[in-house]
file model_12.cif (mmCIF, C-alpha atoms)
data_upload
#
loop_
_atom_site.label_atom_id
_atom_site.label_comp_id
_atom_site.auth_asym_id
_atom_site.auth_seq_id
_atom_site.Cartn_x
_atom_site.Cartn_y
_atom_site.Cartn_z
CA MET W 1 121.46 40.09 102.52
CA SER W 2 120.06 43.21 100.89
CA GLY W 3 116.61 42.28 102.16
CA THR W 4 117.78 42.59 105.77
CA SER W 5 119.14 46.13 105.55
CA LYS W 6 117.08 48.99 106.97
CA PRO W 7 115.73 51.64 104.58
CA LEU W 8 117.58 54.91 104.09
CA TRP W 9 116.35 57.98 105.89
CA ASN W 10 114.03 60.44 104.25
CA PRO W 11 116.36 62.94 102.49
CA TYR W 12 114.95 65.89 104.45
CA ALA W 13 115.59 64.12 107.78
CA ALA W 14 119.17 63.28 106.76
CA GLY W 15 119.60 66.87 105.52
CA VAL W 16 118.41 68.33 108.85
CA LEU W 17 120.86 66.14 110.82
CA LEU W 18 123.66 67.09 108.42
CA GLY W 19 122.76 70.79 108.70
CA LEU W 20 122.66 70.67 112.53
CA GLY W 21 126.01 68.85 112.56
CA LEU W 22 127.42 71.56 110.29
CA LEU W 23 125.98 74.31 112.51
CA LEU W 24 127.51 72.63 115.60
CA THR W 25 130.86 72.56 113.78
CA PHE W 26 130.67 76.33 113.17
CA ILE W 27 129.73 76.91 116.84
CA LEU W 28 132.60 74.77 118.13
CA THR W 29 135.36 75.72 115.70
CA GLY W 30 134.36 78.79 113.65
CA HIS W 31 134.66 76.87 110.40
CA GLY W 32 132.75 74.14 108.62
CA LEU W 33 133.28 70.50 107.69
CA GLY W 34 135.75 69.24 105.12
CA ALA W 35 137.52 66.28 103.57
CA SER W 36 140.13 67.29 101.00
CA GLY W 37 142.15 69.17 103.62
CA PHE W 38 142.90 65.77 105.12
CA SER W 39 143.63 63.99 101.82
CA THR W 40 146.02 66.82 100.94
CA ALA W 41 147.86 66.62 104.27
CA LEU W 42 147.96 62.83 103.94
CA THR W 43 149.44 63.08 100.42
CA ALA W 44 152.07 65.54 101.64
CA ALA W 45 152.97 63.30 104.61
CA THR W 46 153.14 60.16 102.43
CA SER W 47 155.24 61.98 99.88
CA HIS W 48 157.54 63.14 102.70
CA ILE W 49 158.13 59.52 103.73
CA LEU W 50 158.75 58.31 100.18
CA ALA W 51 160.86 61.25 98.94
CA PRO W 52 161.84 63.57 101.83
CA ALA W 53 164.16 65.90 99.93
CA ALA W 54 161.89 66.36 96.91
CA THR W 55 158.85 66.95 99.14
CA GLU W 56 160.61 69.59 101.25
CA ALA W 57 161.76 71.31 98.05
CA ASN W 58 158.27 71.25 96.52
CA ALA W 59 156.57 74.65 96.44
CA TYR W 60 153.20 73.21 97.50
CA PHE W 61 154.07 70.39 99.90
CA GLY W 62 157.22 71.95 101.39
CA PRO W 63 155.47 74.41 103.72
CA MET W 64 152.92 71.72 104.72
CA VAL W 65 155.40 69.12 105.91
CA GLU W 66 157.17 71.73 108.05
CA ASN W 67 154.00 72.18 110.05
CA GLY W 68 154.24 69.00 112.08
CA SER W 69 152.25 65.80 112.23
CA LEU W 70 148.93 64.85 110.65
CA LEU W 71 147.52 64.23 114.12
CA ASP W 72 147.96 67.91 115.02
CA LEU W 73 145.33 68.84 112.46
CA TRP W 74 141.64 69.14 113.39
CA ILE W 75 140.66 67.97 109.89
CA THR W 76 142.45 64.64 110.46
CA TRP W 77 140.31 63.90 113.52
CA GLN W 78 137.21 65.12 111.71
CA VAL W 79 137.80 62.67 108.84
CA PHE W 80 138.48 59.87 111.38
CA GLY W 81 135.10 60.86 112.82
CA VAL W 82 133.48 60.65 109.36
CA ALA W 83 134.90 57.14 108.95
CA ILE W 84 133.67 56.02 112.39
CA GLY W 85 130.24 57.63 111.95
CA ALA W 86 129.81 56.05 108.52
CA LEU W 87 130.90 52.64 109.82
CA ILE W 88 128.43 52.86 112.73
CA GLY W 89 125.72 53.94 110.27
CA ALA W 90 126.42 51.11 107.82
CA MET W 91 126.77 48.43 110.50
CA SER W 92 123.68 49.44 112.48
CA ALA W 93 121.54 49.51 109.33
CA GLY W 94 122.82 46.16 108.09
CA ARG W 95 124.28 47.90 105.05
CA PHE W 96 127.96 47.00 105.51
CA ARG W 97 128.93 44.67 102.68
CA TRP W 98 132.21 44.16 100.81
CA SER W 99 131.24 45.15 97.29
CA ILE W 100 132.08 47.25 94.27
CA ASP W 101 129.60 49.94 93.36
CA GLY W 102 129.71 51.92 90.13
CA PRO W 103 128.52 51.78 86.51
CA THR W 104 126.63 48.51 86.57
CA ARG W 105 127.11 47.69 82.90
CA LEU W 106 130.89 47.75 83.11
CA SER W 107 133.24 45.06 84.37
CA ILE W 108 134.66 45.29 87.89
CA ALA W 109 138.13 46.14 86.53
CA ARG W 110 136.76 49.02 84.45
CA ARG W 111 134.71 50.33 87.37
CA LEU W 112 137.80 50.43 89.57
CA VAL W 113 139.80 52.21 86.86
CA LEU W 114 137.02 54.80 86.53
CA ALA W 115 136.92 55.23 90.33
CA GLY W 116 140.69 55.84 90.40
CA VAL W 117 140.61 58.27 87.45
CA GLY W 118 137.60 60.10 88.90
CA GLY W 119 139.36 60.35 92.26
CA ALA W 120 142.48 61.80 90.65
CA ILE W 121 140.49 64.44 88.74
CA ALA W 122 138.50 65.33 91.87
CA GLY W 123 141.69 65.49 93.96
CA PHE W 124 143.33 67.85 91.45
CA GLY W 125 140.18 69.97 91.21
CA ALA W 126 139.76 70.29 94.95
CA ARG W 127 143.29 71.74 95.21
CA LEU W 128 142.49 74.34 92.55
CA SER W 129 139.41 75.51 94.43
CA LEU W 130 140.98 75.15 97.90
CA GLY W 131 138.16 72.86 98.97
CA CYS W 132 135.80 70.11 97.87
CA THR W 133 132.07 69.48 98.00
CA SER W 134 132.15 69.43 101.82
CA GLY W 135 134.54 72.27 102.55
CA LEU W 136 133.56 74.70 99.82
CA GLY W 137 130.19 73.50 98.47
CA LEU W 138 128.40 72.61 101.70
CA SER W 139 130.26 74.64 104.35
CA GLY W 140 130.91 77.62 102.07
CA ALA W 141 127.29 77.84 100.96
CA ALA W 142 126.15 77.66 104.61
CA THR W 143 128.03 80.94 105.23
CA LEU W 144 126.38 82.28 102.04
CA ALA W 145 129.87 82.69 100.54
CA SER W 146 129.77 83.50 96.83
CA ALA W 147 132.74 81.11 96.44
CA GLY W 148 130.59 78.23 97.73
CA PHE W 149 127.85 78.86 95.18
CA LEU W 150 130.30 79.43 92.29
CA PHE W 151 131.92 76.10 93.15
CA LEU W 152 128.52 74.35 93.28
CA ILE W 153 127.57 75.77 89.86
CA GLY W 154 130.79 74.43 88.29
CA PHE W 155 130.34 71.13 90.13
CA PHE W 156 126.75 70.56 89.16
CA VAL W 157 126.85 71.75 85.53
CA THR W 158 129.90 69.58 84.79
CA GLY W 159 128.67 66.63 86.83
CA ALA W 160 125.24 66.63 85.18
CA THR W 161 126.67 67.03 81.65
CA LEU W 162 129.11 64.14 82.09
CA GLY W 163 126.56 62.17 84.10
CA LEU W 164 124.03 62.33 81.26
CA LEU W 165 126.72 61.45 78.68
CA MET W 166 127.69 58.38 80.73
CA ARG W 167 124.09 57.37 81.39
CA ARG W 168 124.22 54.26 79.19
CA TYR W 169 126.81 52.62 81.42
CA TRP W 170 124.42 52.69 84.40
CA GLN W 171 121.31 50.68 85.02
CA MET N 1 131.21 87.54 121.18
CA THR N 2 130.85 84.23 122.94
CA LEU N 3 130.98 82.06 119.83
CA PRO N 4 132.73 80.20 118.32
CA LEU N 5 133.98 78.23 121.31
CA ASP N 6 137.37 77.54 119.71
CA LEU N 7 137.16 73.85 120.51
CA THR N 8 139.52 72.58 117.83
CA GLY N 9 140.93 69.46 119.47
CA PRO N 10 140.58 65.77 118.57
CA VAL N 11 137.28 65.26 120.44
CA SER N 12 135.62 68.15 118.60
CA GLY N 13 136.85 66.72 115.29
CA LEU N 14 135.62 63.22 116.10
CA VAL N 15 132.18 64.45 117.20
CA CYS N 16 131.59 66.80 114.24
CA GLY N 17 132.98 64.27 111.77
CA GLY N 18 131.01 61.47 113.39
CA ILE N 19 127.70 63.28 112.87
CA PHE N 20 128.74 64.14 109.30
CA GLY N 21 129.66 60.55 108.41
CA PHE N 22 126.58 59.06 110.08
CA ALA N 23 124.22 61.51 108.31
CA LEU N 24 125.86 60.88 104.91
CA GLU N 25 125.53 57.12 105.41
CA ARG N 26 121.87 57.38 106.45
CA ALA N 27 121.23 59.56 103.38
CA GLY N 28 122.59 56.79 101.14
CA PHE N 29 125.69 58.76 100.10
CA ALA N 30 127.90 55.68 100.52
CA SER N 31 126.71 54.51 97.11
CA GLY N 32 128.18 55.84 93.88
CA CYS N 33 125.00 54.67 92.15
CA LYS N 34 122.89 56.87 94.43
CA LEU N 35 125.19 59.90 94.15
CA THR N 36 125.45 59.83 90.37
CA ALA N 37 121.71 59.14 89.95
CA GLN N 38 121.32 62.83 90.89
CA LEU N 39 123.64 63.76 88.02
CA ARG N 40 121.38 61.75 85.66
CA PHE N 41 118.29 63.33 87.29
CA THR N 42 116.79 59.93 88.15
CA ASP N 43 116.94 60.54 91.91
CA TRP N 44 116.73 63.95 93.61
CA ALA N 45 117.74 62.81 97.09
CA VAL N 46 121.30 64.23 96.87
CA PHE N 47 120.02 67.67 95.96
CA LYS N 48 117.42 67.55 98.76
CA VAL N 49 119.88 66.42 101.43
CA MET N 50 122.49 69.01 100.43
CA PHE N 51 120.04 71.89 100.10
CA THR N 52 118.26 71.04 103.37
CA ALA N 53 121.61 70.93 105.19
CA ILE N 54 122.72 74.25 103.67
CA LEU N 55 119.42 75.94 104.60
CA VAL N 56 119.43 74.57 108.18
CA ALA N 57 123.04 75.57 108.83
CA ALA N 58 122.75 78.95 107.05
CA THR N 59 119.57 79.81 108.97
CA GLY N 60 121.24 78.77 112.24
CA ILE N 61 124.29 80.93 111.54
CA TRP N 62 122.04 83.87 110.58
CA LEU N 63 120.01 83.47 113.81
CA LEU N 64 123.17 83.39 115.93
CA GLN N 65 124.31 86.57 114.18
CA VAL N 66 120.95 88.30 114.72
CA LEU N 67 121.10 87.34 118.42
CA GLY N 68 124.57 88.85 118.63
CA LEU N 69 126.22 85.56 119.58
CA LEU N 70 128.33 85.13 116.47
CA SER N 71 130.02 87.65 114.24
CA LYS N 72 130.74 87.24 110.55
CA GLU N 73 134.36 88.06 111.27
CA ASP N 74 134.63 85.03 113.54
CA ILE N 75 133.62 82.37 111.03
CA PHE N 76 135.55 81.18 108.02
CA ILE N 77 134.02 82.45 104.77
CA PRO N 78 135.98 81.30 101.71
CA THR N 79 137.15 83.90 99.19
CA THR N 80 136.34 83.57 95.48
CA TYR N 81 139.20 83.26 93.00
CA PHE N 82 136.96 83.12 89.97
CA TRP N 83 138.82 80.68 87.71
CA ALA N 84 140.29 78.52 90.44
CA THR N 85 136.98 78.23 92.33
CA LEU N 86 134.96 77.53 89.18
CA LEU N 87 137.46 75.10 87.60
CA GLY N 88 137.87 73.33 90.93
CA GLY N 89 134.12 72.77 90.97
CA VAL N 90 134.35 71.52 87.37
CA GLY N 91 137.06 69.04 88.41
CA VAL N 92 135.23 67.74 91.46
CA GLY N 93 131.99 67.46 89.44
CA ALA N 94 133.76 65.57 86.63
CA GLY N 95 135.39 63.35 89.25
CA MET N 96 132.02 62.43 90.69
CA ALA N 97 130.43 61.76 87.27
CA ILE N 98 133.37 59.53 86.28
CA GLY N 99 134.33 57.93 89.59
CA GLY N 100 131.09 58.07 91.57
CA TYR N 101 132.17 60.08 94.63
CA CYS N 102 133.67 63.23 96.03
CA PRO N 103 136.43 63.24 98.68
CA GLY N 104 134.13 62.99 101.73
CA THR N 105 131.70 60.46 100.30
CA SER N 106 134.55 58.19 99.15
CA VAL N 107 135.46 57.73 102.83
CA VAL N 108 131.82 56.96 103.70
CA SER N 109 131.64 54.54 100.77
CA PHE N 110 134.72 52.57 101.84
CA MET N 111 133.47 52.45 105.43
CA SER N 112 130.34 50.69 104.15
CA GLY N 113 132.53 48.07 102.46
CA ARG N 114 132.73 49.48 98.93
CA LEU N 115 136.16 48.98 97.42
CA ASP N 116 135.56 51.49 94.62
CA GLY N 117 135.29 54.12 97.37
CA LEU N 118 138.77 53.18 98.57
CA VAL N 119 140.14 53.28 95.01
CA PHE N 120 138.55 56.72 94.50
CA PHE N 121 140.21 57.95 97.72
CA LEU N 122 143.60 56.61 96.58
CA GLY N 123 142.98 58.39 93.25
CA ILE N 124 142.52 61.66 95.19
CA LEU N 125 146.01 61.21 96.67
CA VAL N 126 147.43 60.71 93.16
CA GLY N 127 145.59 63.80 91.84
CA THR N 128 146.82 65.84 94.80
CA ALA N 129 150.42 64.74 94.20
CA ALA N 130 150.04 65.65 90.51
CA PHE N 131 148.77 69.09 91.54
CA ALA N 132 151.79 69.60 93.79
CA GLY N 133 154.01 68.53 90.90
CA VAL N 134 152.69 71.22 88.55
CA TYR N 135 151.92 73.82 91.25
CA THR N 136 154.52 76.35 90.13
CA TRP N 137 152.94 76.43 86.63
CA ILE N 138 149.40 76.70 87.97
CA GLU N 139 150.06 79.23 90.69
CA PRO N 140 149.14 82.32 88.59
CA LEU N 141 145.71 80.76 87.89
CA MET N 142 145.14 80.20 91.62
CA HIS N 143 144.91 83.91 92.30
CA ALA N 144 143.46 85.12 88.99
CA LEU N 145 140.37 87.32 89.11
CA PRO N 146 139.93 87.38 92.91
CA GLY N 147 136.70 88.55 94.47
CA PRO N 148 136.54 90.67 97.62
CA GLU N 149 137.85 88.72 100.61
CA ALA N 150 135.25 86.49 102.31
CA GLN N 151 132.45 87.90 100.17
CA THR N 152 128.93 86.56 100.65
CA VAL N 153 126.17 86.42 98.04
CA SER N 154 124.29 89.04 100.06
CA GLU N 155 127.25 91.43 99.80
CA LEU N 156 127.62 90.65 96.10
CA LEU N 157 123.96 91.49 95.45
CA GLY N 158 123.75 94.26 98.04
CA VAL N 159 120.80 92.75 99.90
CA PRO N 160 120.35 91.60 103.53
CA ASP N 161 121.20 87.98 104.41
CA TRP N 162 117.59 87.11 105.15
CA ILE N 163 116.55 87.90 101.58
CA VAL N 164 119.15 85.45 100.26
CA LEU N 165 117.90 82.84 102.75
CA VAL N 166 114.29 83.36 101.64
CA ALA N 167 115.30 83.23 97.96
CA LEU N 168 117.20 79.97 98.54
CA GLY N 169 114.19 78.59 100.40
CA VAL N 170 111.86 79.50 97.52
CA VAL N 171 114.14 77.94 94.88
CA PHE N 172 114.57 74.83 97.00
CA GLY N 173 110.85 74.60 97.75
CA ALA N 174 110.05 74.81 94.03
CA VAL N 175 112.56 72.08 93.10
CA ALA N 176 111.33 69.90 95.97
CA TRP N 177 107.73 70.37 94.80
CA PHE N 178 108.43 69.47 91.18
CA THR N 179 110.46 66.40 92.18
CA ARG N 180 108.08 65.21 94.91
CA THR N 181 107.07 62.04 93.05
CA PRO N 182 108.46 59.19 95.11
CA VAL N 183 111.46 57.67 93.42
CA PRO N 184 112.37 54.03 94.03
CA THR N 185 115.39 55.00 96.09
CA GLY N 186 115.53 56.22 99.63
CA THR N 187 112.18 57.89 99.94
CA THR N 188 110.14 54.71 100.01
CA PRO N 189 110.48 52.39 102.98
CA SER N 190 110.06 49.31 100.84
CA ASN N 191 112.87 46.82 100.65
CA ALA N 192 111.00 44.66 98.22
CA SER N 193 111.62 46.95 95.28
CA PRO N 194 115.11 46.74 93.79
CA THR N 195 116.63 49.80 95.42
CA LEU N 196 119.87 51.01 93.97
CA ALA N 197 121.12 52.29 97.26
CA HIS N 198 120.94 48.96 99.02
CA GLY N 199 123.50 47.43 96.81
CA THR N 200 121.39 45.09 94.72
CA THR N 201 123.03 46.60 91.68
CA ALA N 202 126.45 46.65 93.31
CA ARG N 203 128.23 43.44 92.52
CA SER N 204 128.87 41.64 95.76
CA PHE N 205 131.69 39.16 95.58
CA GLN N 206 131.13 37.29 98.80
#
call {"tool": "encode", "arguments": {"input": "model_12.cif", "output": "structure tokens"}}
result
Amino acid sequence: MSGTSKPLWNPYAAGVLLGLGLLLTFILTGHGLGASGFSTALTAATSHILAPAATEANAYFGPMVENGSLLDLWITWQVFGVAIGALIGAMSAGRFRWSIDGPTRLSIARRLVLAGVGGAIAGFGARLSLGCTSGLGLSGAATLASAGFLFLIGFFVTGATLGLLMRRYWQ
Amino acid sequence: MTLPLDLTGPVSGLVCGGIFGFALERAGFASGCKLTAQLRFTDWAVFKVMFTAILVAATGIWLLQVLGLLSKEDIFIPTTYFWATLLGGVGVGAGMAIGGYCPGTSVVSFMSGRLDGLVFFLGILVGTAAFAGVYTWIEPLMHALPGPEAQTVSELLGVPDWIVLVALGVVFGAVAWFTRTPVPTGTTPSNASPTLAHGTTARSFQ
């Protein structure tokens, strides 16, 4: 199966397409691309279904759930677009395959636990910084915002330190 | 000012997101192996894709400003809150080193069939809920040590935007030059070699 998938693009070609897509986003909307804005709104909406009173009383989620439905948000449609674009990309390159990626020397169960823990830390972090790698790192840096570069420094120094410490779990 | 066009409806979101998701998939960012290989310095593709995209978009925005089509006041420039911005980056970086993804790439990963991408995304929801739970304690940190509103690096250094663009280009060019040796992932068209990004190291269970 892996022998039938098409090669990845040259990183510079993929970077140019990504940069032009980001530029188009600024031209159309005045802001950049994102991801954690959607996961935050989705968490607030889910929490509102599970525990309406507690969510409305919460200092962080309360104001969000007053602002109407998820589908009213541009970021929701943008993340739907990311999902569709990625699916088209994976399917058309023969790369779609049910699998579990991750540290290859660990069991599947441990890899999934690490993915969940990593996601939780990233989710918490992205709320602190009011944006994630897409919204603050990529889009912020494209406007030359000092916040974007400060975020990227914290991201990369921490990621590389932990990445090197965890090196032995990867092939 | 004629730009931005203020097209903020569903179609605009789907188109912009669609390009974003397609480009990330083509770059190989659906794979946690590929993404974290950058953090172990065994594959420089992530750095190259990100930096190329930043340079292309930043140069485009600068050109539109020079041509008088777009004003800095009309685009969203995030404001620095020193500790919150830095520690947020620390959290997202730790999350990628531990879990393999960031919020956007976890969606791309799941859409290519990787279940760890889905688990990472569900983890984000848990982390976000935890943040909301402790928000009242953390709130003072959120606004600690704020920078000037919507400050750019050029304003911080007191130089024109084009100098920052050239400096970024020089730094990027140097890194690209020193890491030009083809790595076995992404840059070579060969499928015969065991490429990490094509899932030969991902355990397929079908």
call {"tool": "closest_residue", "arguments": {"input": "model_12.cif", "among": "W:Gly140, W:Gly135, W:Gly154, W:Gly148", "to": "Gly37 of chain W", "atoms": "only C-alpha atoms"}}
result
W:Gly135
call {"tool": "residues_around", "arguments": {"input": "model_12.cif", "residues": "Ser69 of chain W", "least_positions_apart": "6", "cutoff": "12 Å", "atoms": "all atoms listed in the file", "output": "list in words"}}
result
Phe38, Ala41, Leu42, Ala44, Ala45, Thr46, His48 and Thr76 of chain W
call {"tool": "closest_residue", "arguments": {"input": "model_12.cif", "among": "N:Phe29, N:Phe120, N:Phe172, N:Phe178", "to": "chain W", "atoms": "all atoms listed in the file"}}
result
N:Phe120
call {"tool": "atom_distance", "arguments": {"input": "model_12.cif", "atom1": "atom CA of Gly118 of chain W", "atom2": "atom CA of Phe121 of chain N"}}
result
9.4 Å
call {"tool": "closest_residue", "arguments": {"input": "model_12.cif", "among": "N:Ala97, N:Leu145, N:Val134, N:Leu69", "to": "chain W", "atoms": "all atoms listed in the file"}}
result
N:Ala97
call {"tool": "closest_residue", "arguments": {"input": "model_12.cif", "among": "W:Ser99, W:Ser47, W:Asn67, W:Ser92", "to": "chain N", "atoms": "only C-alpha atoms"}}
result
W:Ser99
call {"tool": "closest_residue", "arguments": {"input": "model_12.cif", "among": "N:Gly169, N:Gly123, N:Gly18, N:Gly133", "to": "Lys48 of chain N", "atoms": "all atoms listed in the file"}}
result
N:Gly169
call {"tool": "atom_distance", "arguments": {"input": "model_12.cif", "atom1": "atom CA of Phe131 of chain N", "atom2": "atom CA of Leu39 of chain N"}}
result
25.9 Å
call {"tool": "closest_residue", "arguments": {"input": "model_12.cif", "among": "N:Ala174, N:Leu64, N:Val166, N:Val126", "to": "chain W", "atoms": "all atoms listed in the file"}}
result
N:Val126
call {"tool": "residues_near_point", "arguments": {"input": "model_12.cif", "point": "(145.0, 67.2, 111.6)", "cutoff": "10 Å", "atoms": "all atoms listed in the file", "output": "ChimeraX atom specification"}}
result
/W:37-38,41-42,68-80 /N:8-10,13
call {"tool": "residues_around", "arguments": {"input": "model_12.cif", "residues": "Thr80 of chain N", "least_positions_apart": "5", "cutoff": "10 Å", "atoms": "only C-alpha atoms", "output": "mmCIF file with C-alpha atoms, keeping the file's coordinate frame"}}
result
data_model
loop_
_atom_site.group_PDB
_atom_site.id
_atom_site.type_symbol
_atom_site.label_atom_id
_atom_site.label_comp_id
_atom_site.auth_asym_id
_atom_site.auth_seq_id
_atom_site.Cartn_x
_atom_site.Cartn_y
_atom_site.Cartn_z
ATOM 1 C CA SER W 129 139.410 75.510 94.430
ATOM 2 C CA LEU W 130 140.980 75.150 97.900
ATOM 3 C CA ALA W 145 129.870 82.690 100.540
ATOM 4 C CA SER W 146 129.770 83.500 96.830
ATOM 5 C CA ALA W 147 132.740 81.110 96.440
ATOM 6 C CA GLY W 148 130.590 78.230 97.730
ATOM 7 C CA PHE W 149 127.850 78.860 95.180
ATOM 8 C CA LEU W 150 130.300 79.430 92.290
ATOM 9 C CA PHE W 151 131.920 76.100 93.150
ATOM 10 C CA THR N 85 136.980 78.230 92.330
ATOM 11 C CA LEU N 86 134.960 77.530 89.180
ATOM 12 C CA HIS N 143 144.910 83.910 92.300
ATOM 13 C CA ALA N 144 143.460 85.120 88.990
ATOM 14 C CA LEU N 145 140.370 87.320 89.110
ATOM 15 C CA PRO N 146 139.930 87.380 92.910
ATOM 16 C CA GLY N 147 136.700 88.550 94.470
ATOM 17 C CA PRO N 148 136.540 90.670 97.620
ATOM 18 C CA GLU N 149 137.850 88.720 100.610
ATOM 19 C CA ALA N 150 135.250 86.490 102.310
ATOM 20 C CA GLN N 151 132.450 87.900 100.170
ATOM 21 C CA THR N 152 128.930 86.560 100.650
#
call {"tool": "residues_around", "arguments": {"input": "model_12.cif", "residues": "Leu87 of chain W", "least_positions_apart": "6", "cutoff": "10 Å", "atoms": "only C-alpha atoms", "output": "PDB file with C-alpha atoms, keeping the file's coordinate frame"}}
result
ATOM      1  CA  GLY W  81     135.100  60.860 112.820  1.00  0.00           C
ATOM      2  CA  ALA W  93     121.540  49.510 109.330  1.00  0.00           C
ATOM      3  CA  ARG W  95     124.280  47.900 105.050  1.00  0.00           C
ATOM      4  CA  PHE W  96     127.960  47.000 105.510  1.00  0.00           C
TER       5      PHE W  96
ATOM      6  CA  GLY N  18     131.010  61.470 113.390  1.00  0.00           C
ATOM      7  CA  GLY N  21     129.660  60.550 108.410  1.00  0.00           C
ATOM      8  CA  PHE N  22     126.580  59.060 110.080  1.00  0.00           C
ATOM      9  CA  GLU N  25     125.530  57.120 105.410  1.00  0.00           C
ATOM     10  CA  VAL N 107     135.460  57.730 102.830  1.00  0.00           C
ATOM     11  CA  VAL N 108     131.820  56.960 103.700  1.00  0.00           C
ATOM     12  CA  SER N 109     131.640  54.540 100.770  1.00  0.00           C
ATOM     13  CA  PHE N 110     134.720  52.570 101.840  1.00  0.00           C
ATOM     14  CA  MET N 111     133.470  52.450 105.430  1.00  0.00           C
ATOM     15  CA  SER N 112     130.340  50.690 104.150  1.00  0.00           C
ATOM     16  CA  GLY N 113     132.530  48.070 102.460  1.00  0.00           C
TER      17      GLY N 113
END
call {"tool": "atom_distance", "arguments": {"input": "model_12.cif", "atom1": "atom CA of Gly30 of chain W", "atom2": "atom CA of Leu3 of chain N"}}
result
7.8 Å
call {"tool": "resolve_selection", "arguments": {"input": "model_12.cif", "expression": "the PyMOL selection byres ((chain W and resi 143) around 8)", "output": "list in words"}}
result
Ser139, Gly140, Ala141, Ala142, Leu144 and Ala145 of chain W; Ala58, Ile61, Ile77 and Thr152 of chain N
call {"tool": "residues_near_point", "arguments": {"input": "model_12.cif", "point": "(128.7, 68.4, 90.7)", "cutoff": "10 Å", "atoms": "only C-alpha atoms", "output": "compact mmCIF listing (two decimals) with C-alpha atoms, keeping the file's coordinate frame"}}
result
# COMPACT_ATOMS: atom_id res chain seq x y z
CA THR W 133 132.07 69.48 98.00
CA GLY W 137 130.19 73.50 98.47
CA PHE W 151 131.92 76.10 93.15
CA LEU W 152 128.52 74.35 93.28
CA ILE W 153 127.57 75.77 89.86
CA GLY W 154 130.79 74.43 88.29
CA PHE W 155 130.34 71.13 90.13
CA PHE W 156 126.75 70.56 89.16
CA VAL W 157 126.85 71.75 85.53
CA THR W 158 129.90 69.58 84.79
CA GLY W 159 128.67 66.63 86.83
CA ALA W 160 125.24 66.63 85.18
CA THR W 161 126.67 67.03 81.65
CA LEU W 162 129.11 64.14 82.09
CA GLY W 163 126.56 62.17 84.10
CA LEU N 35 125.19 59.90 94.15
CA THR N 36 125.45 59.83 90.37
CA GLN N 38 121.32 62.83 90.89
CA LEU N 39 123.64 63.76 88.02
CA GLY N 89 134.12 72.77 90.97
CA VAL N 90 134.35 71.52 87.37
CA GLY N 91 137.06 69.04 88.41
CA VAL N 92 135.23 67.74 91.46
CA GLY N 93 131.99 67.46 89.44
CA ALA N 94 133.76 65.57 86.63
CA GLY N 95 135.39 63.35 89.25
CA MET N 96 132.02 62.43 90.69
CA ALA N 97 130.43 61.76 87.27
CA TYR N 101 132.17 60.08 94.63
CA CYS N 102 133.67 63.23 96.03
